[in-house]
$ cat entry_20.tsv   # TSV, C-alpha atoms
chain	number	residue	atom	x	y	z
H	59	MET	CA	-12.11	-55.93	142.62
H	60	PRO	CA	-14.15	-56.68	139.49
H	61	GLU	CA	-17.54	-58.28	139.81
H	62	GLN	CA	-17.45	-62.03	139.23
H	63	ALA	CA	-20.13	-63.32	136.91
H	64	GLY	CA	-19.57	-66.98	137.68
H	65	ARG	CA	-21.48	-67.23	140.95
H	66	PRO	CA	-24.36	-65.36	142.61
H	67	ARG	CA	-23.52	-62.21	144.52
H	68	SER	CA	-26.07	-59.63	145.54
H	69	GLY	CA	-26.17	-55.91	145.07
H	70	SER	CA	-23.13	-55.42	142.85
H	71	ARG	CA	-22.99	-53.79	139.46
H	72	GLY	CA	-20.12	-53.73	137.02
H	73	ARG	CA	-18.95	-50.37	135.69
H	74	LEU	CA	-17.99	-49.85	132.09
H	75	LEU	CA	-14.51	-48.42	132.06
H	76	ALA	CA	-15.12	-46.29	129.01
H	77	SER	CA	-18.27	-45.41	127.12
H	78	GLY	CA	-19.12	-44.94	123.48
H	79	SER	CA	-22.36	-44.02	121.74
H	80	VAL	CA	-22.85	-47.68	120.74
H	81	LEU	CA	-21.16	-50.87	121.84
H	82	GLY	CA	-22.54	-51.49	119.66
H	83	ALA	CA	-32.28	-82.50	120.72
H	84	ALA	CA	-31.62	-86.31	121.31
H	85	LEU	CA	-29.56	-88.24	118.77
H	86	VAL	CA	-32.07	-90.32	116.82
H	87	LEU	CA	-30.47	-92.88	114.56
H	88	GLY	CA	-31.99	-92.71	111.11
H	89	CYS	CA	-33.41	-89.22	111.68
H	90	PRO	CA	-33.17	-87.31	108.37
H	91	VAL	CA	-30.63	-84.52	108.10
H	92	PRO	CA	-32.28	-81.08	107.62
H	93	ALA	CA	-32.54	-80.00	104.00
H	94	SER	CA	-29.51	-78.40	102.42
H	95	ALA	CA	-29.13	-76.46	99.21
H	96	GLU	CA	-26.37	-75.78	96.73
H	97	VAL	CA	-24.88	-72.32	97.01
H	98	ALA	CA	-21.87	-70.43	95.79
H	99	GLY	CA	-18.69	-71.40	97.58
H	100	PRO	CA	-17.42	-69.71	100.73
H	101	THR	CA	-14.79	-66.99	100.37
H	102	ALA	CA	-12.30	-65.65	102.90
H	103	GLN	CA	-12.94	-62.04	103.85
H	104	CYS	CA	-9.86	-61.57	106.03
H	105	GLN	CA	-7.67	-63.22	108.66
H	106	VAL	CA	-7.65	-62.50	112.37
H	107	THR	CA	-4.02	-62.57	113.48
H	108	ASP	CA	-4.10	-60.46	116.64
H	109	PRO	CA	-2.91	-62.63	119.59
H	110	ARG	CA	-5.56	-61.06	121.81
H	111	LEU	CA	-8.20	-62.96	119.81
H	112	ALA	CA	-6.57	-66.38	119.84
H	113	GLU	CA	-9.74	-67.87	121.35
H	114	LEU	CA	-12.32	-66.09	119.20
H	115	SER	CA	-15.71	-67.46	120.22
H	116	GLY	CA	-18.26	-64.75	119.35
H	117	LEU	CA	-18.66	-62.46	116.34
H	118	VAL	CA	-21.29	-59.94	115.20
H	119	ALA	CA	-21.15	-57.88	112.00
H	120	VAL	CA	-22.45	-54.32	112.34
H	121	ASP	CA	-22.27	-52.11	109.27
H	122	ASP	CA	-18.78	-52.53	107.79
H	123	GLN	CA	-17.19	-53.58	111.08
H	124	MET	CA	-17.30	-56.55	113.46
H	125	VAL	CA	-17.58	-56.95	117.21
H	126	ALA	CA	-15.79	-59.96	118.71
H	127	ILE	CA	-15.05	-61.61	122.04
H	128	ASN	CA	-12.51	-64.10	123.29
H	129	ASP	CA	-13.33	-67.26	125.23
H	130	GLY	CA	-12.01	-66.50	128.72
H	131	GLY	CA	-10.15	-63.61	130.29
H	132	GLU	CA	-10.19	-61.89	133.68
H	133	GLN	CA	-12.41	-59.00	132.63
H	134	VAL	CA	-15.02	-58.42	129.95
H	135	SER	CA	-13.28	-57.32	126.75
H	136	VAL	CA	-15.13	-56.46	123.53
H	137	PHE	CA	-12.99	-56.04	120.40
H	138	LEU	CA	-13.85	-53.85	117.43
H	139	LEU	CA	-12.52	-55.13	114.10
H	140	ASP	CA	-12.56	-53.44	110.71
H	141	ALA	CA	-13.40	-55.18	107.44
H	142	ALA	CA	-9.78	-56.35	107.19
H	143	CYS	CA	-9.93	-58.10	110.60
H	144	GLN	CA	-7.67	-55.51	112.22
H	145	VAL	CA	-8.42	-54.65	115.84
H	146	GLY	CA	-9.19	-50.95	116.04
H	147	ASP	CA	-10.26	-50.74	119.65
H	148	VAL	CA	-11.02	-52.74	122.78
H	149	HIS	CA	-13.71	-51.93	125.32
H	150	THR	CA	-13.53	-53.41	128.78
H	151	ALA	CA	-15.86	-53.60	131.75
H	152	ALA	CA	-15.13	-54.23	135.42
H	153	VAL	CA	-16.77	-57.65	135.36
H	154	ASP	CA	-14.79	-60.88	135.80
H	155	PRO	CA	-16.42	-63.41	133.46
H	156	TYR	CA	-16.34	-67.14	134.14
H	157	ASP	CA	-16.52	-68.47	130.56
H	158	PRO	CA	-17.98	-66.10	127.90
H	159	GLU	CA	-18.98	-67.99	124.76
H	160	ASP	CA	-21.15	-65.85	122.48
H	161	LEU	CA	-22.44	-62.32	122.02
H	162	ALA	CA	-25.20	-60.34	120.33
H	163	VAL	CA	-25.77	-56.66	119.61
H	164	ALA	CA	-29.28	-55.33	120.26
H	165	ALA	CA	-31.02	-52.74	118.11
H	166	ASP	CA	-30.26	-50.04	120.71
H	167	GLY	CA	-26.54	-50.81	120.57
H	168	THR	CA	-26.32	-52.80	123.81
H	169	VAL	CA	-23.75	-55.59	123.59
H	170	TRP	CA	-24.95	-58.80	125.28
H	171	LEU	CA	-22.38	-61.41	126.32
H	172	ALA	CA	-23.37	-64.98	127.12
H	173	ASP	CA	-21.18	-65.99	130.06
H	174	THR	CA	-22.63	-69.49	129.82
H	175	GLY	CA	-19.75	-71.90	129.28
H	176	ASP	CA	-19.82	-74.81	131.74
H	177	ASN	CA	-17.78	-77.74	130.46
H	178	ASN	CA	-17.93	-79.52	133.80
H	179	ALA	CA	-21.69	-78.88	134.19
H	180	ASN	CA	-21.32	-77.63	137.78
H	181	ARG	CA	-22.12	-73.90	137.71
H	182	PRO	CA	-25.07	-73.01	139.97
H	183	THR	CA	-25.71	-69.97	137.77
H	184	VAL	CA	-24.74	-68.68	134.35
H	185	ALA	CA	-24.90	-65.03	133.33
H	186	LEU	CA	-25.87	-62.55	130.66
H	187	ILE	CA	-23.75	-59.41	130.75
H	188	ALA	CA	-25.10	-56.22	129.15
H	189	LEU	CA	-22.76	-53.38	128.07
H	190	ARG	CA	-24.95	-50.39	127.23
H	191	PRO	CA	-24.26	-47.38	125.00
H	192	ASP	CA	-24.48	-45.05	128.02
H	193	GLY	CA	-21.49	-46.75	129.64
H	194	THR	CA	-23.32	-48.82	132.25
H	195	THR	CA	-22.96	-52.57	132.67
H	196	SER	CA	-25.32	-55.11	134.23
H	197	VAL	CA	-24.90	-58.76	135.21
H	198	TYR	CA	-28.02	-60.94	135.06
H	199	ARG	CA	-27.66	-64.41	136.57
H	200	LEU	CA	-29.75	-67.38	135.44
H	201	THR	CA	-30.45	-70.91	136.62
H	202	TYR	CA	-31.57	-73.88	134.52
H	203	PRO	CA	-34.73	-75.74	135.59
H	204	ASP	CA	-33.14	-79.16	135.01
H	205	GLY	CA	-29.58	-78.77	136.26
H	206	PRO	CA	-26.45	-77.19	134.80
H	207	HIS	CA	-25.73	-77.17	131.06
H	208	ASP	CA	-22.87	-76.04	128.88
H	209	ALA	CA	-24.14	-73.44	126.38
H	210	GLU	CA	-22.18	-71.67	123.67
H	211	ALA	CA	-24.96	-70.13	121.55
H	212	LEU	CA	-26.95	-66.95	122.23
H	213	LEU	CA	-29.94	-65.93	120.10
H	214	LEU	CA	-31.27	-62.43	120.76
H	215	ALA	CA	-34.75	-62.12	119.24
H	216	PRO	CA	-35.72	-58.83	117.56
H	217	ASP	CA	-37.87	-57.93	120.59
H	218	GLY	CA	-34.83	-58.34	122.86
H	219	THR	CA	-35.71	-61.75	124.31
H	220	PRO	CA	-32.55	-63.86	124.84
H	221	TYR	CA	-32.41	-67.59	124.15
H	222	LEU	CA	-29.56	-69.91	125.18
H	223	VAL	CA	-28.95	-73.08	123.16
H	224	THR	CA	-27.05	-75.81	124.98
H	225	LYS	CA	-24.11	-77.81	123.68
H	226	GLU	CA	-24.88	-81.50	124.12
H	227	ILE	CA	-22.66	-84.48	123.34
H	228	LEU	CA	-25.50	-86.47	121.75
H	229	GLY	CA	-26.93	-83.52	119.83
H	230	ALA	CA	-30.04	-83.09	122.02
H	231	SER	CA	-29.79	-79.34	122.53
H	232	GLY	CA	-32.25	-77.43	124.70
H	233	VAL	CA	-33.39	-73.87	124.04
H	234	TYR	CA	-33.88	-71.83	127.22
H	235	THR	CA	-35.17	-68.32	127.92
H	236	PRO	CA	-35.71	-66.34	131.15
H	237	ALA	CA	-39.02	-67.26	132.82
H	238	SER	CA	-39.36	-63.77	134.34
H	239	PRO	CA	-37.83	-60.31	133.83
H	240	LEU	CA	-34.09	-60.12	134.31
H	241	VAL	CA	-32.82	-58.64	137.59
H	242	ASP	CA	-29.57	-56.69	137.64
H	243	GLY	CA	-27.31	-58.36	140.20
H	244	GLY	CA	-29.97	-60.97	140.93
H	245	THR	CA	-30.85	-64.46	139.71
H	246	VAL	CA	-33.91	-65.59	137.76
H	247	ALA	CA	-34.95	-69.00	136.48
H	248	LEU	CA	-34.72	-70.14	132.89
H	249	ALA	CA	-37.54	-72.04	131.20
H	250	ARG	CA	-37.10	-74.62	128.46
H	251	ALA	CA	-38.71	-73.10	125.36
H	252	ALA	CA	-37.80	-75.53	122.57
H	253	ALA	CA	-35.42	-78.29	121.52
H	254	VAL	CA	-33.26	-78.85	118.48
H	255	ASN	CA	-31.92	-82.25	117.42
H	256	MET	CA	-28.54	-82.31	115.71
H	257	THR	CA	-27.67	-85.39	113.68
H	258	PHE	CA	-24.58	-86.69	111.89
H	259	THR	CA	-24.03	-84.87	108.61
H	260	GLY	CA	-20.80	-86.32	107.26
H	261	THR	CA	-19.19	-82.88	107.07
H	262	ALA	CA	-15.52	-83.02	108.01
H	263	GLY	CA	-13.88	-80.57	110.39
H	264	GLY	CA	-13.45	-79.48	113.96
H	265	PRO	CA	-11.36	-80.84	116.81
H	266	VAL	CA	-13.43	-83.89	117.80
H	267	GLY	CA	-14.18	-85.86	114.66
H	268	GLN	CA	-17.78	-86.95	114.08
H	269	ALA	CA	-18.87	-85.64	117.46
H	270	GLY	CA	-18.32	-82.10	116.21
H	271	GLN	CA	-21.30	-82.51	113.89
H	272	LEU	CA	-23.60	-82.64	116.95
H	273	LEU	CA	-22.22	-79.88	119.19
H	274	VAL	CA	-23.81	-76.42	118.96
H	275	THR	CA	-21.05	-73.83	119.28
H	276	GLY	CA	-22.63	-70.52	118.25
H	277	GLY	CA	-25.76	-68.65	117.26
H	278	ALA	CA	-26.83	-65.50	115.43
H	279	VAL	CA	-29.95	-63.56	114.46
H	280	ALA	CA	-30.08	-61.48	111.28
H	281	ARG	CA	-30.19	-57.77	112.10
H	282	ASP	CA	-33.31	-57.36	109.94
H	283	GLY	CA	-35.05	-60.08	111.97
H	284	SER	CA	-35.66	-62.32	108.97
H	285	ALA	CA	-33.75	-65.41	110.10
H	286	PHE	CA	-31.55	-66.96	112.74
H	287	ALA	CA	-28.76	-69.50	112.64
H	288	LEU	CA	-26.95	-72.04	114.78
H	289	ARG	CA	-23.61	-73.62	114.01
H	290	THR	CA	-21.77	-76.75	115.02
H	291	TYR	CA	-18.08	-77.34	114.43
H	292	THR	CA	-18.94	-78.44	110.90
H	293	ASP	CA	-22.29	-77.06	109.71
H	294	ALA	CA	-24.59	-74.05	109.90
H	295	TYR	CA	-28.37	-74.29	110.19
H	296	VAL	CA	-30.63	-71.42	109.14
H	297	TRP	CA	-34.29	-70.95	110.11
H	298	THR	CA	-36.55	-68.21	108.78
H	299	LEU	CA	-38.10	-66.04	111.48
H	300	SER	CA	-41.42	-64.22	111.65
H	301	GLY	CA	-41.56	-61.59	114.36
H	302	SER	CA	-39.66	-62.72	117.46
H	303	ASP	CA	-41.09	-66.22	117.96
H	304	ILE	CA	-37.88	-68.23	117.91
H	305	PRO	CA	-39.36	-71.28	119.70
H	306	THR	CA	-42.07	-71.68	117.04
H	307	ALA	CA	-39.54	-71.20	114.25
H	308	PHE	CA	-37.57	-74.19	115.56
H	309	ALA	CA	-40.51	-76.43	114.60
H	310	ALA	CA	-39.67	-75.96	110.90
H	311	ALA	CA	-36.83	-77.76	109.15
H	312	PRO	CA	-33.77	-75.53	108.74
H	313	VAL	CA	-31.50	-75.25	105.75
H	314	ARG	CA	-28.16	-76.89	106.48
H	315	ILE	CA	-24.98	-75.39	105.07
H	316	PRO	CA	-21.71	-77.36	105.33
H	317	LEU	CA	-18.94	-75.08	106.59
H	318	PRO	CA	-15.29	-75.02	105.57
H	319	ASP	CA	-13.01	-77.18	107.70
H	320	SER	CA	-11.60	-75.19	110.62
H	321	PRO	CA	-9.69	-76.08	113.80
H	322	GLN	CA	-12.41	-75.11	116.28
H	323	GLY	CA	-15.24	-73.13	114.68
H	324	GLU	CA	-17.35	-71.35	117.28
H	325	ALA	CA	-18.20	-67.91	115.87
H	326	ILE	CA	-21.10	-67.17	113.52
H	327	SER	CA	-22.85	-63.99	112.43
H	328	PHE	CA	-25.08	-62.80	109.64
H	329	ALA	CA	-23.22	-60.38	107.41
H	330	ALA	CA	-24.40	-56.77	107.26
H	331	ASP	CA	-26.47	-57.59	104.15
H	332	ASN	CA	-28.38	-60.28	106.13
H	333	ARG	CA	-27.99	-62.61	103.14
H	334	ASN	CA	-24.61	-64.16	103.92
H	335	LEU	CA	-23.09	-65.74	107.00
H	336	LEU	CA	-19.72	-64.95	108.55
H	337	VAL	CA	-17.92	-67.75	110.41
H	338	ALA	CA	-14.61	-67.93	112.25
H	339	SER	CA	-12.61	-70.29	114.45
H	340	GLU	CA	-10.48	-70.29	117.54
H	341	GLY	CA	-6.76	-70.44	116.83
H	342	LEU	CA	-4.51	-68.13	114.84
H	343	PRO	CA	-4.63	-67.17	112.10
H	344	SER	CA	-8.41	-67.40	111.97
H	345	GLU	CA	-10.14	-66.73	108.68
H	346	VAL	CA	-13.39	-64.81	108.76
H	347	THR	CA	-15.21	-66.60	105.95
H	348	VAL	CA	-18.24	-65.38	104.01
H	349	VAL	CA	-20.71	-68.24	103.48
H	350	PRO	CA	-23.53	-67.40	101.01
H	351	LEU	CA	-27.07	-68.47	101.80
H	352	ALA	CA	-29.04	-70.44	99.23
H	353	ALA	CA	-31.28	-68.39	96.96
H	354	GLU	CA	-34.38	-70.21	98.21
H	355	THR	CA	-33.39	-69.44	101.79
H	356	VAL	CA	-33.05	-65.75	100.99
H	357	ALA	CA	-36.40	-65.80	99.17
H	358	SER	CA	-38.13	-67.29	102.21
H	359	MET	CA	-36.79	-64.72	104.63
H	360	THR	CA	-39.52	-62.41	105.89
H	361	THR	CA	-39.99	-58.67	105.69
H	362	PRO	CA	-37.32	-56.91	107.75
H	363	VAL	CA	-38.20	-55.72	111.24
H	364	GLU	CA	-37.88	-51.97	111.43
H	365	GLY	CA	-35.68	-50.53	114.12
H	366	PRO	CA	-32.56	-48.44	114.73
H	367	ALA	CA	-29.31	-49.86	113.46
H	368	PRO	CA	-26.35	-49.11	115.70
H	369	SER	CA	-23.26	-47.32	114.49
H	370	LEU	CA	-19.83	-48.16	115.85
H	371	THR	CA	-18.16	-44.84	115.06
H	372	ASP	CA	-17.68	-43.69	118.64
H	373	LEU	CA	-16.68	-47.15	119.79
H	374	GLY	CA	-13.76	-46.95	117.41
H	375	ARG	CA	-12.58	-43.66	118.92
H	376	SER	CA	-12.29	-44.59	122.57
H	377	GLY	CA	-8.56	-45.30	122.55
H	378	LEU	CA	-8.66	-47.92	125.30
H	379	SER	CA	-5.66	-50.16	125.84
H	380	PRO	CA	-6.02	-53.79	124.70
H	381	ILE	CA	-6.13	-56.75	127.13
H	382	THR	CA	-3.98	-59.72	126.12
H	383	ASN	CA	-5.41	-63.24	126.38
H	384	ALA	CA	-3.41	-66.48	126.03
H	385	LEU	CA	-3.90	-69.05	123.28
H	386	ILE	CA	-4.97	-72.45	124.60
H	387	ALA	CA	-5.70	-75.13	122.00
H	388	ALA	CA	-7.73	-78.27	122.59
H	389	ALA	CA	-7.15	-81.12	120.14
H	390	VAL	CA	-8.84	-84.40	120.98
H	391	ALA	CA	-9.86	-87.58	119.17
H	392	THR	CA	-12.93	-88.82	121.05
H	393	VAL	CA	-15.82	-87.35	122.98
H	394	VAL	CA	-14.39	-88.53	126.32
H	395	VAL	CA	-10.99	-87.05	125.62
H	396	TRP	CA	-12.74	-83.91	124.37
H	397	ILE	CA	-14.43	-83.39	127.74
H	398	GLY	CA	-11.21	-83.94	129.64
H	399	GLY	CA	-9.33	-81.60	127.35
H	400	LYS	CA	-11.90	-78.87	127.79
H	401	LEU	CA	-11.71	-79.20	131.58
H	402	ARG	CA	-7.94	-78.87	131.52
H	403	ARG	CA	-8.27	-75.88	129.24
H	404	ASP	CA	-10.67	-74.16	131.63
H	405	SER	CA	-8.31	-74.65	134.56
H	406	SER	CA	-5.33	-73.32	132.64
H	407	HIS	CA	-6.76	-69.92	131.81
H	408	ARG	CA	-8.51	-69.03	135.08
H	409	ARG	CA	-7.00	-67.79	138.31
H	410	PRO	CA	-7.42	-70.14	141.30
H	411	ALA	CA	-10.09	-67.83	142.73
H	412	GLU	CA	-12.16	-68.39	139.63
H	413	ARG	CA	-12.23	-72.19	139.88
H	414	ARG	CA	-15.59	-72.28	141.54
H	415	PRO	CA	-18.77	-74.32	141.11

$ encode --input "entry_20.tsv" --output "structure tokens"
Amino acid sequence: MPEQAGRPRSGSRGRLLASGSVLGAALVLGCPVPASAEVAGPTAQCQVTDPRLAELSGLVAVDDQMVAINDGGEQVSVFLLDAACQVGDVHTAAVDPYDPEDLAVAADGTVWLADTGDNNANRPTVALIALRPDGTTSVYRLTYPDGPHDAEALLLAPDGTPYLVTKEILGASGVYTPASPLVDGGTVALARAAAVNMTFTGTAGGPVGQAGQLLVTGGAVARDGSAFALRTYTDAYVWTLSGSDIPTAFAAAPVRIPLPDSPQGEAISFAADNRNLLVASEGLPSEVTVVPLAAETVASMTTPVEGPAPSLTDLGRSGLSPITNALIAAAVATVVVWIGGKLRRDSSHRRPAERRP
């Protein structure tokens, strides 16, 4: 019986089924939109067509490859894609996730999954799941200080500190981080570290009309530690970063980059060069699109943080069998219908035993 990450249970630890050397704010009317800058146009790198990634929600570029996760599933599954978006391998862990939404790859090669989706805002805990290069897996449960939140963005600071950014209907997103060291199999409290206020931008796209301009759906930190980004269904926001102080960095105005229209854009990563973004959407086919950063943004990015860069060579040699996940699309016209649609979607891809508060 796999460990369930959706509710607290003591003393259990997931086991990685196969190892590799590396797995690796309120809506204020009239509030000015963060500064944007003209850049070269986005270009499609490749198309994801594999049915196992029909609900692509997290993406990280490492070297000339990409690590991706699906939204949902009955066990943790991490997909390795080549530069042409072809799935070369799948790594699984004996952990039953509730609603994984984003991922990050640490400098030591550990893959961190944010099992933090909570569309009905009723989970007593959320979870971070760590898949380490040595083949071990840990589940770290977390509680919010102010009640449940839906969160789809994970920012992993260069020093390894995780930050969750909530997805709020009115754009008032909170930034939360563990208030004490993580405990494998245990639960620790989160502390609110910052806030970010999303406003209407006028950028078209996404499944929910104007509301999509306010909903944070993904996050990424450049592997050289020079910047981090959040995305909504329609836009990306990039902040420069000095050291690992993400909360302080949020105090500065980001650069906003309108994204190409997509059905349900949730995935964002910095490219391997740290000077472009990669974005992708749920639904098939899903284009992985290269979005250049403005020259002034690149110029403002700080000196890279030194540290080991993981290689995915051994991950691509494991030969594990893929796990198939179903495609469930949510297409709604208003915020209210959006919430209802997401709830129905959650129920449709989880076993009855997983429908838990």

$ closest_residue --input "entry_20.tsv" --among "H:Val313, H:Leu200, H:Ala352, H:Ala165" --to "Val279 of chain H" --atoms "only C-alpha atoms"
H:Ala165

$ residues_around --input "entry_20.tsv" --residues "Leu213 of chain H" --least-positions-apart "6" --cutoff "10 Å" --atoms "all atoms listed in the file" --output "ChimeraX atom specification"
/H:160-162,172,219-223,233,235,276-280,286-288,304

$ closest_residue --input "entry_20.tsv" --among "H:Val274, H:Leu138, H:Ala211, H:Ala251" --to "Ala237 of chain H" --atoms "only C-alpha atoms"
H:Ala251

$ atom_distance --input "entry_20.tsv" --atom1 "atom CA of Tyr202 of chain H" --atom2 "atom CA of Pro236 of chain H"
9.2 Å

$ residues_around --input "entry_20.tsv" --residues "Asp140 of chain H" --least-positions-apart "2" --cutoff "9 Å" --atoms "all atoms listed in the file" --output "number ranges by chain"
H: 122-125, 138, 142-146

$ closest_residue --input "entry_20.tsv" --among "H:Val266, H:Val348, H:Ala357, H:Val197" --to "Gln322 of chain H" --atoms "all atoms listed in the file"
H:Val266

$ closest_residue --input "entry_20.tsv" --among "H:Pro265, H:Gly167, H:Pro158, H:Gly323" --to "Asp208 of chain H" --atoms "only C-alpha atoms"
H:Pro158

$ closest_residue --input "entry_20.tsv" --among "H:Ile127, H:Ala247, H:Leu299, H:Leu114" --to "Thr183 of chain H" --atoms "only C-alpha atoms"
H:Ala247

$ residues_around --input "entry_20.tsv" --residues "Thr201 of chain H" --least-positions-apart "2" --cutoff "8 Å" --atoms "all atoms listed in the file" --output "PDB file with C-alpha atoms, keeping the file's coordinate frame"
ATOM      1  CA  PRO H 182     -25.070 -73.010 139.970  1.00  0.00           C
ATOM      2  CA  THR H 183     -25.710 -69.970 137.770  1.00  0.00           C
ATOM      3  CA  VAL H 184     -24.740 -68.680 134.350  1.00  0.00           C
ATOM      4  CA  ARG H 199     -27.660 -64.410 136.570  1.00  0.00           C
ATOM      5  CA  PRO H 203     -34.730 -75.740 135.590  1.00  0.00           C
ATOM      6  CA  GLY H 205     -29.580 -78.770 136.260  1.00  0.00           C
ATOM      7  CA  PRO H 206     -26.450 -77.190 134.800  1.00  0.00           C
ATOM      8  CA  THR H 245     -30.850 -64.460 139.710  1.00  0.00           C
ATOM      9  CA  VAL H 246     -33.910 -65.590 137.760  1.00  0.00           C
ATOM     10  CA  ALA H 247     -34.950 -69.000 136.480  1.00  0.00           C
ATOM     11  CA  LEU H 248     -34.720 -70.140 132.890  1.00  0.00           C
TER      12      LEU H 248
END

$ atom_distance --input "entry_20.tsv" --atom1 "atom CA of Val136 of chain H" --atom2 "atom CA of Ile227 of chain H"
29.0 Å

$ closest_residue --input "entry_20.tsv" --among "H:Ser302, H:Thr275, H:Ser320, H:Thr194" --to "Pro216 of chain H" --atoms "all atoms listed in the file"
H:Ser302

$ residues_around --input "entry_20.tsv" --residues "Val346 of chain H" --least-positions-apart "6" --cutoff "10 Å" --atoms "all atoms listed in the file" --output "NGL selection string"
:H and (101-106 or 117 or 141-143 or 325-326 or 335-339)

$ write_last_selection --input "entry_20.tsv" --atoms "C-alpha atoms" --output "PDB file, in the coordinates of the input"
ATOM      1  CA  THR H 101     -14.790 -66.990 100.370  1.00  0.00           C
ATOM      2  CA  ALA H 102     -12.300 -65.650 102.900  1.00  0.00           C
ATOM      3  CA  GLN H 103     -12.940 -62.040 103.850  1.00  0.00           C
ATOM      4  CA  CYS H 104      -9.860 -61.570 106.030  1.00  0.00           C
ATOM      5  CA  GLN H 105      -7.670 -63.220 108.660  1.00  0.00           C
ATOM      6  CA  VAL H 106      -7.650 -62.500 112.370  1.00  0.00           C
ATOM      7  CA  LEU H 117     -18.660 -62.460 116.340  1.00  0.00           C
ATOM      8  CA  ALA H 141     -13.400 -55.180 107.440  1.00  0.00           C
ATOM      9  CA  ALA H 142      -9.780 -56.350 107.190  1.00  0.00           C
ATOM     10  CA  CYS H 143      -9.930 -58.100 110.600  1.00  0.00           C
ATOM     11  CA  ALA H 325     -18.200 -67.910 115.870  1.00  0.00           C
ATOM     12  CA  ILE H 326     -21.100 -67.170 113.520  1.00  0.00           C
ATOM     13  CA  LEU H 335     -23.090 -65.740 107.000  1.00  0.00           C
ATOM     14  CA  LEU H 336     -19.720 -64.950 108.550  1.00  0.00           C
ATOM     15  CA  VAL H 337     -17.920 -67.750 110.410  1.00  0.00           C
ATOM     16  CA  ALA H 338     -14.610 -67.930 112.250  1.00  0.00           C
ATOM     17  CA  SER H 339     -12.610 -70.290 114.450  1.00  0.00           C
TER      18      SER H 339
END

$ decode --input "entry_20.tsv" --residues "segment 136-150 of chain H" --atoms "N, CA and C atoms" --output "CSV table (one decimal), in the first residue's frame"
chain,number,residue,atom,x,y,z
H,136,VAL,N,7.7,10.8,-12.1
H,136,VAL,CA,8.5,11.9,-12.6
H,136,VAL,C,9.0,11.5,-14.0
H,137,PHE,N,8.7,12.3,-15.0
H,137,PHE,CA,9.0,12.0,-16.4
H,137,PHE,C,10.2,12.7,-16.9
H,138,LEU,N,11.1,12.1,-17.6
H,138,LEU,CA,12.2,12.7,-18.2
H,138,LEU,C,12.0,12.8,-19.7
H,139,LEU,N,12.1,14.1,-20.2
H,139,LEU,CA,11.9,14.4,-21.6
H,139,LEU,C,13.2,14.9,-22.2
H,140,ASP,N,13.4,14.6,-23.5
H,140,ASP,CA,14.5,15.1,-24.2
H,140,ASP,C,14.2,16.4,-24.8
H,141,ALA,N,15.1,17.0,-25.6
H,141,ALA,CA,14.9,18.4,-26.1
H,141,ALA,C,13.8,18.4,-27.1
H,142,ALA,N,13.3,17.2,-27.6
H,142,ALA,CA,12.3,17.1,-28.6
H,142,ALA,C,10.9,16.8,-27.9
H,143,CYS,N,10.9,16.9,-26.6
H,143,CYS,CA,9.7,16.6,-25.8
H,143,CYS,C,9.3,15.1,-25.8
H,144,GLN,N,10.2,14.2,-26.2
H,144,GLN,CA,9.9,12.8,-26.1
H,144,GLN,C,10.2,12.2,-24.8
H,145,VAL,N,9.3,11.4,-24.2
H,145,VAL,CA,9.5,10.8,-22.9
H,145,VAL,C,10.6,9.7,-23.0
H,146,GLY,N,11.7,9.9,-22.3
H,146,GLY,CA,12.7,8.8,-22.4
H,146,GLY,C,12.6,7.9,-21.2
H,147,ASP,N,12.0,8.3,-20.1
H,147,ASP,CA,12.0,7.5,-18.9
H,147,ASP,C,11.0,8.0,-17.9
H,148,VAL,N,10.5,7.2,-17.0
H,148,VAL,CA,9.6,7.6,-16.0
H,148,VAL,C,10.1,7.0,-14.7
H,149,HIS,N,10.2,7.8,-13.7
H,149,HIS,CA,10.6,7.3,-12.3
H,149,HIS,C,9.4,7.4,-11.4
H,150,THR,N,9.2,6.4,-10.7
H,150,THR,CA,8.0,6.4,-9.8
H,150,THR,C,8.5,6.1,-8.3
